[in-house]
Amino acid sequence: MISLYDVKKLAEQAAAYHHPQFRGVSKDEYNNVTFDFVLFTGTEREPVLTREAWSDDGLPAAARSLLEEEYREAHTLWYDAAYVHALGVLRHTVTPAWGDYLQARTRMDKAFAALATTADTHWHAAVSRLVTAQDQALEAAQVWDEQAAGVAAVHERFRASYIPRDEAYARAGLDPTGWVIGYASDYPDYPDYRGTPLVRQTTTAIKQQREHLQTVASLTVRSAV
C-alpha cells in the first residue's frame with residue numbers, strides 16, 4: 001500500500017506535467033488517492049495528458065500512472081462543468097421562449113373555454129379571437145422548439161456526464177418546470193416544425209379544439225333545422 005509520503009513524492013516528480021488546475025494530492029479516510037483542483041468552469045481546454053509526459057524517459061512509471069489518474073479526474077470534473085456551462089449559455093434565450101409559450105398557450109385555452117359562455121351574437125368574434133390565439137400559440141411553440149433543439153443537443157453532447165439533468169439545470173440557473181424537451185434526433189438539422197415535440201403537442205390541442213367547434217356547429221345547424 002503506497003503511503004501519502006510516496007504519493008506526494010510521485011506528484012513532485014511529475015510537477016512539470018500537472019494540469020494547470022491541479023492544486024495537490026492527498027489520501028482520504030479509506031486510503032484512496034484524491035486530487036485537489038481549482039474549480040473548473042467548463043470553459044477550459046479539455047484536459048489531456050501531454051505527449052511530453054508520455055515520452056519523458058526520466059519520468060518514473062509510477063509518477064506517470066499518477067498523472068494518468070490525475071488527468072482522468074480532471075477530465076471528469078471539466079466535463080461536468082462544461083455540461084453545466086453549455087446549458088447556462090442558453091439561459092437568456094430559453095427561459096423567455098418558454099415564458100412566451102406559456103402565455104400564448106394560456107390565451108389560447110382561455111379563448112376556447114370562453115366559447116362555452118359566449119352569446120350567439122358574439123360567437124363569430126369569439127371564434128376569430130380563438131383562431132388568432134391558436135396561431136400565436138403555434139408560433140410560440142415553434143420558437144420554443146428552436147430553443148429546445150439547442151438544449152437537447154447539449155444533453156446529447158454531454159450524455160456521459162454523471163450529473164442528473166435536474167441538477168445540471170439547477171447549477172446552470174435554469175428552471176425546467178413543464179419544459180417539453182425531446183431527444184436531439186427529434187430536431188432535424190433542417191426542421192419541419194410540424195413534427196417537433198411542442199409544435200406537435202400544440203397542433204394536437206388545436207385540432208381537438210377545432211373538432212369540438214365543428215361538432216358544436218354541426219349540432220347547432222341540425223337543431224335549427
# chains A, B, ... in the order shown; residues from 1 in each chain; ligands from 1

call {"tool": "residues_around", "arguments": {"residues": "Ala111 in chain A", "least_positions_apart": "5", "cutoff": "12 Å", "atoms": "only C-alpha atoms", "output": "mmCIF file with N, CA, C and O atoms, in the first residue's frame"}}
result
data_model
loop_
_atom_site.group_PDB
_atom_site.id
_atom_site.type_symbol
_atom_site.label_atom_id
_atom_site.label_comp_id
_atom_site.auth_asym_id
_atom_site.auth_seq_id
_atom_site.Cartn_x
_atom_site.Cartn_y
_atom_site.Cartn_z
ATOM 1 N N ALA A 104 -48.871 32.390 -24.412
ATOM 2 C CA ALA A 104 -49.658 32.176 -25.629
ATOM 3 C C ALA A 104 -50.607 31.001 -25.464
ATOM 4 O O ALA A 104 -51.766 31.059 -25.900
ATOM 5 N N ARG A 105 -50.135 29.944 -24.835
ATOM 6 C CA ARG A 105 -50.984 28.763 -24.642
ATOM 7 C C ARG A 105 -52.127 29.070 -23.676
ATOM 8 O O ARG A 105 -53.267 28.614 -23.876
ATOM 9 N N THR A 106 -51.849 29.873 -22.656
ATOM 10 C CA THR A 106 -52.907 30.263 -21.714
ATOM 11 C C THR A 106 -53.974 31.085 -22.408
ATOM 12 O O THR A 106 -55.180 30.878 -22.193
ATOM 13 N N ALA A 116 -67.779 28.632 -24.270
ATOM 14 C CA ALA A 116 -68.889 27.932 -23.604
ATOM 15 C C ALA A 116 -69.929 28.901 -23.065
ATOM 16 O O ALA A 116 -71.096 28.532 -22.895
ATOM 17 N N THR A 117 -69.517 30.127 -22.792
ATOM 18 C CA THR A 117 -70.461 31.107 -22.239
ATOM 19 C C THR A 117 -70.634 32.310 -23.161
ATOM 20 O O THR A 117 -71.147 33.348 -22.736
ATOM 21 N N THR A 118 -70.231 32.159 -24.411
ATOM 22 C CA THR A 118 -70.352 33.263 -25.373
ATOM 23 C C THR A 118 -71.746 33.260 -26.005
ATOM 24 O O THR A 118 -72.227 32.218 -26.474
ATOM 25 N N TRP A 123 -70.597 35.057 -31.138
ATOM 26 C CA TRP A 123 -69.907 33.790 -31.407
ATOM 27 C C TRP A 123 -68.792 33.928 -32.439
ATOM 28 O O TRP A 123 -67.664 33.482 -32.221
ATOM 29 N N ALA A 125 -67.050 36.508 -33.446
ATOM 30 C CA ALA A 125 -65.927 37.305 -32.961
ATOM 31 C C ALA A 125 -65.076 36.491 -31.987
ATOM 32 O O ALA A 125 -63.842 36.551 -32.004
ATOM 33 N N ALA A 126 -65.772 35.693 -31.150
ATOM 34 C CA ALA A 126 -65.052 34.880 -30.170
ATOM 35 C C ALA A 126 -64.242 33.788 -30.861
ATOM 36 O O ALA A 126 -63.105 33.486 -30.458
ATOM 37 N N VAL A 127 -64.824 33.192 -31.899
ATOM 38 C CA VAL A 127 -64.103 32.165 -32.656
ATOM 39 C C VAL A 127 -62.891 32.782 -33.352
ATOM 40 O O VAL A 127 -61.810 32.183 -33.408
ATOM 41 N N SER A 128 -63.056 33.972 -33.873
ATOM 42 C CA SER A 128 -61.947 34.662 -34.534
ATOM 43 C C SER A 128 -60.800 34.910 -33.539
ATOM 44 O O SER A 128 -59.624 34.722 -33.882
ATOM 45 N N ARG A 129 -61.166 35.314 -32.329
ATOM 46 C CA ARG A 129 -60.139 35.525 -31.307
ATOM 47 C C ARG A 129 -59.424 34.217 -30.976
ATOM 48 O O ARG A 129 -58.212 34.195 -30.751
ATOM 49 N N LEU A 130 -60.174 33.141 -30.948
ATOM 50 C CA LEU A 130 -59.583 31.835 -30.666
ATOM 51 C C LEU A 130 -58.592 31.441 -31.760
ATOM 52 O O LEU A 130 -57.479 30.984 -31.467
ATOM 53 N N VAL A 131 -58.985 31.621 -33.011
ATOM 54 C CA VAL A 131 -58.101 31.257 -34.126
ATOM 55 C C VAL A 131 -56.804 32.065 -34.060
ATOM 56 O O VAL A 131 -55.704 31.533 -34.272
ATOM 57 N N THR A 132 -56.927 33.345 -33.754
ATOM 58 C CA THR A 132 -55.741 34.186 -33.612
ATOM 59 C C THR A 132 -54.850 33.667 -32.488
ATOM 60 O O THR A 132 -53.619 33.574 -32.634
ATOM 61 N N ALA A 133 -55.453 33.315 -31.362
ATOM 62 C CA ALA A 133 -54.703 32.797 -30.214
ATOM 63 C C ALA A 133 -54.047 31.462 -30.551
ATOM 64 O O ALA A 133 -52.921 31.179 -30.120
ATOM 65 N N GLN A 134 -54.740 30.631 -31.331
ATOM 66 C CA GLN A 134 -54.163 29.350 -31.746
ATOM 67 C C GLN A 134 -52.933 29.562 -32.619
ATOM 68 O O GLN A 134 -51.911 28.877 -32.448
ATOM 69 N N ALA A 137 -50.087 30.700 -30.446
ATOM 70 C CA ALA A 137 -49.553 29.604 -29.634
ATOM 71 C C ALA A 137 -48.672 28.689 -30.476
ATOM 72 O O ALA A 137 -47.616 28.225 -30.026
ATOM 73 N N ILE A 206 -54.858 22.103 -30.727
ATOM 74 C CA ILE A 206 -55.640 22.951 -31.628
ATOM 75 C C ILE A 206 -56.628 22.102 -32.432
ATOM 76 O O ILE A 206 -57.802 22.475 -32.604
ATOM 77 N N GLN A 209 -59.553 21.256 -30.285
ATOM 78 C CA GLN A 209 -60.446 22.403 -30.112
ATOM 79 C C GLN A 209 -61.301 22.621 -31.351
ATOM 80 O O GLN A 209 -62.510 22.871 -31.255
#

call {"tool": "select_by_dssp", "arguments": {"residues": "range 56-126 of chain A", "states": "alpha helix (DSSP H)", "output": "NGL selection string"}}
result
:A and (61-89 or 91-114 or 123-126)

call {"tool": "select_by_dssp", "arguments": {"residues": "range 1-88 of chain A", "states": "strand (DSSP E or B)", "output": "compact mmCIF listing (two decimals) with N, CA, C and O atoms, in the first residue's frame"}}
result
# COMPACT_ATOMS: atom_id res chain seq x y z
N PHE A 22 -4.51 21.80 -11.19
CA PHE A 22 -4.06 20.92 -10.10
C PHE A 22 -3.52 21.74 -8.93
O PHE A 22 -2.73 22.66 -9.10
N ARG A 23 -3.98 21.37 -7.70
CA ARG A 23 -3.50 22.05 -6.51
C ARG A 23 -2.76 21.13 -5.53
O ARG A 23 -2.00 21.60 -4.70
N GLY A 24 -3.03 19.84 -5.64
CA GLY A 24 -2.36 18.94 -4.73
C GLY A 24 -2.98 17.56 -4.74
O GLY A 24 -4.01 17.31 -5.37
N VAL A 25 -2.31 16.65 -4.01
CA VAL A 25 -2.78 15.27 -3.93
C VAL A 25 -2.75 14.84 -2.46
O VAL A 25 -1.89 15.29 -1.70
N SER A 26 -3.70 14.01 -2.09
CA SER A 26 -3.75 13.53 -0.71
C SER A 26 -4.40 12.14 -0.70
O SER A 26 -4.63 11.55 -1.76
N LYS A 27 -4.67 11.65 0.49
CA LYS A 27 -5.36 10.36 0.62
C LYS A 27 -6.54 10.54 1.55
O LYS A 27 -6.45 11.26 2.56
N VAL A 33 -6.29 7.62 -3.12
CA VAL A 33 -5.64 8.83 -3.59
C VAL A 33 -6.70 9.81 -4.10
O VAL A 33 -7.58 9.44 -4.87
N THR A 34 -6.63 11.05 -3.66
CA THR A 34 -7.57 12.08 -4.10
C THR A 34 -6.80 13.29 -4.62
O THR A 34 -5.72 13.61 -4.12
N PHE A 35 -7.36 13.94 -5.60
CA PHE A 35 -6.72 15.10 -6.21
C PHE A 35 -7.53 16.36 -5.90
O PHE A 35 -8.77 16.32 -5.87
N ASP A 36 -6.83 17.44 -5.72
CA ASP A 36 -7.47 18.72 -5.45
C ASP A 36 -7.20 19.64 -6.64
O ASP A 36 -6.06 19.77 -7.10
N PHE A 37 -8.29 20.23 -7.16
CA PHE A 37 -8.17 21.10 -8.32
C PHE A 37 -8.85 22.45 -8.05
O PHE A 37 -9.82 22.51 -7.28

call {"tool": "residues_around", "arguments": {"residues": "Thr196 in chain A", "least_positions_apart": "5", "cutoff": "10 Å", "atoms": "only C-alpha atoms", "output": "list in words"}}
result
Ala141, Gln142, Trp144, Asp145, Glu146, Ala148, Ala149, Ile181, Gly182, Ser185, Asp186, Tyr187, Pro188, Pro191 and Gln201 of chain A

call {"tool": "residues_around", "arguments": {"residues": "Asp175 in chain A", "least_positions_apart": "4", "cutoff": "9 Å", "atoms": "only C-alpha atoms", "output": "PyMOL selection string"}}
result
chain A and resi 95+166+169-170+179

call {"tool": "write_last_selection", "arguments": {"atoms": "C-alpha atoms", "output": "CSV table (one decimal), in the first residue's frame"}}
result
chain,number,residue,atom,x,y,z
A,95,THR,CA,-36.2,31.0,-20.4
A,166,ASP,CA,-32.3,18.4,-12.9
A,169,TYR,CA,-30.3,22.7,-14.8
A,170,ALA,CA,-30.2,24.0,-11.3
A,179,TRP,CA,-40.5,22.1,-20.4

call {"tool": "closest_residue", "arguments": {"among": "A:Gln147, A:Ser65, A:Thr215, A:Thr93", "to": "Leu10 in chain A", "atoms": "only C-alpha atoms"}}
result
A:Ser65

call {"tool": "residues_around", "arguments": {"residues": "Ile163 in chain A", "least_positions_apart": "2", "cutoff": "12 Å", "atoms": "only C-alpha atoms", "output": "NGL selection string"}}
result
:A and (76-77 or 79-84 or 155 or 158-161 or 165-172)

call {"tool": "closest_residue", "arguments": {"among": "A:Leu102, A:Leu115, A:Ala86, A:Val7", "to": "Gly150 in chain A", "atoms": "only C-alpha atoms"}}
result
A:Ala86

call {"tool": "closest_residue", "arguments": {"among": "A:Asp189, A:Glu44, A:Asp100, A:Glu70", "to": "Tyr17 in chain A", "atoms": "only C-alpha atoms"}}
result
A:Glu70

call {"tool": "closest_residue", "arguments": {"among": "A:Leu39, A:Tyr30, A:Ala15, A:Gln136", "to": "Asp109 in chain A", "atoms": "only C-alpha atoms"}}
result
A:Gln136
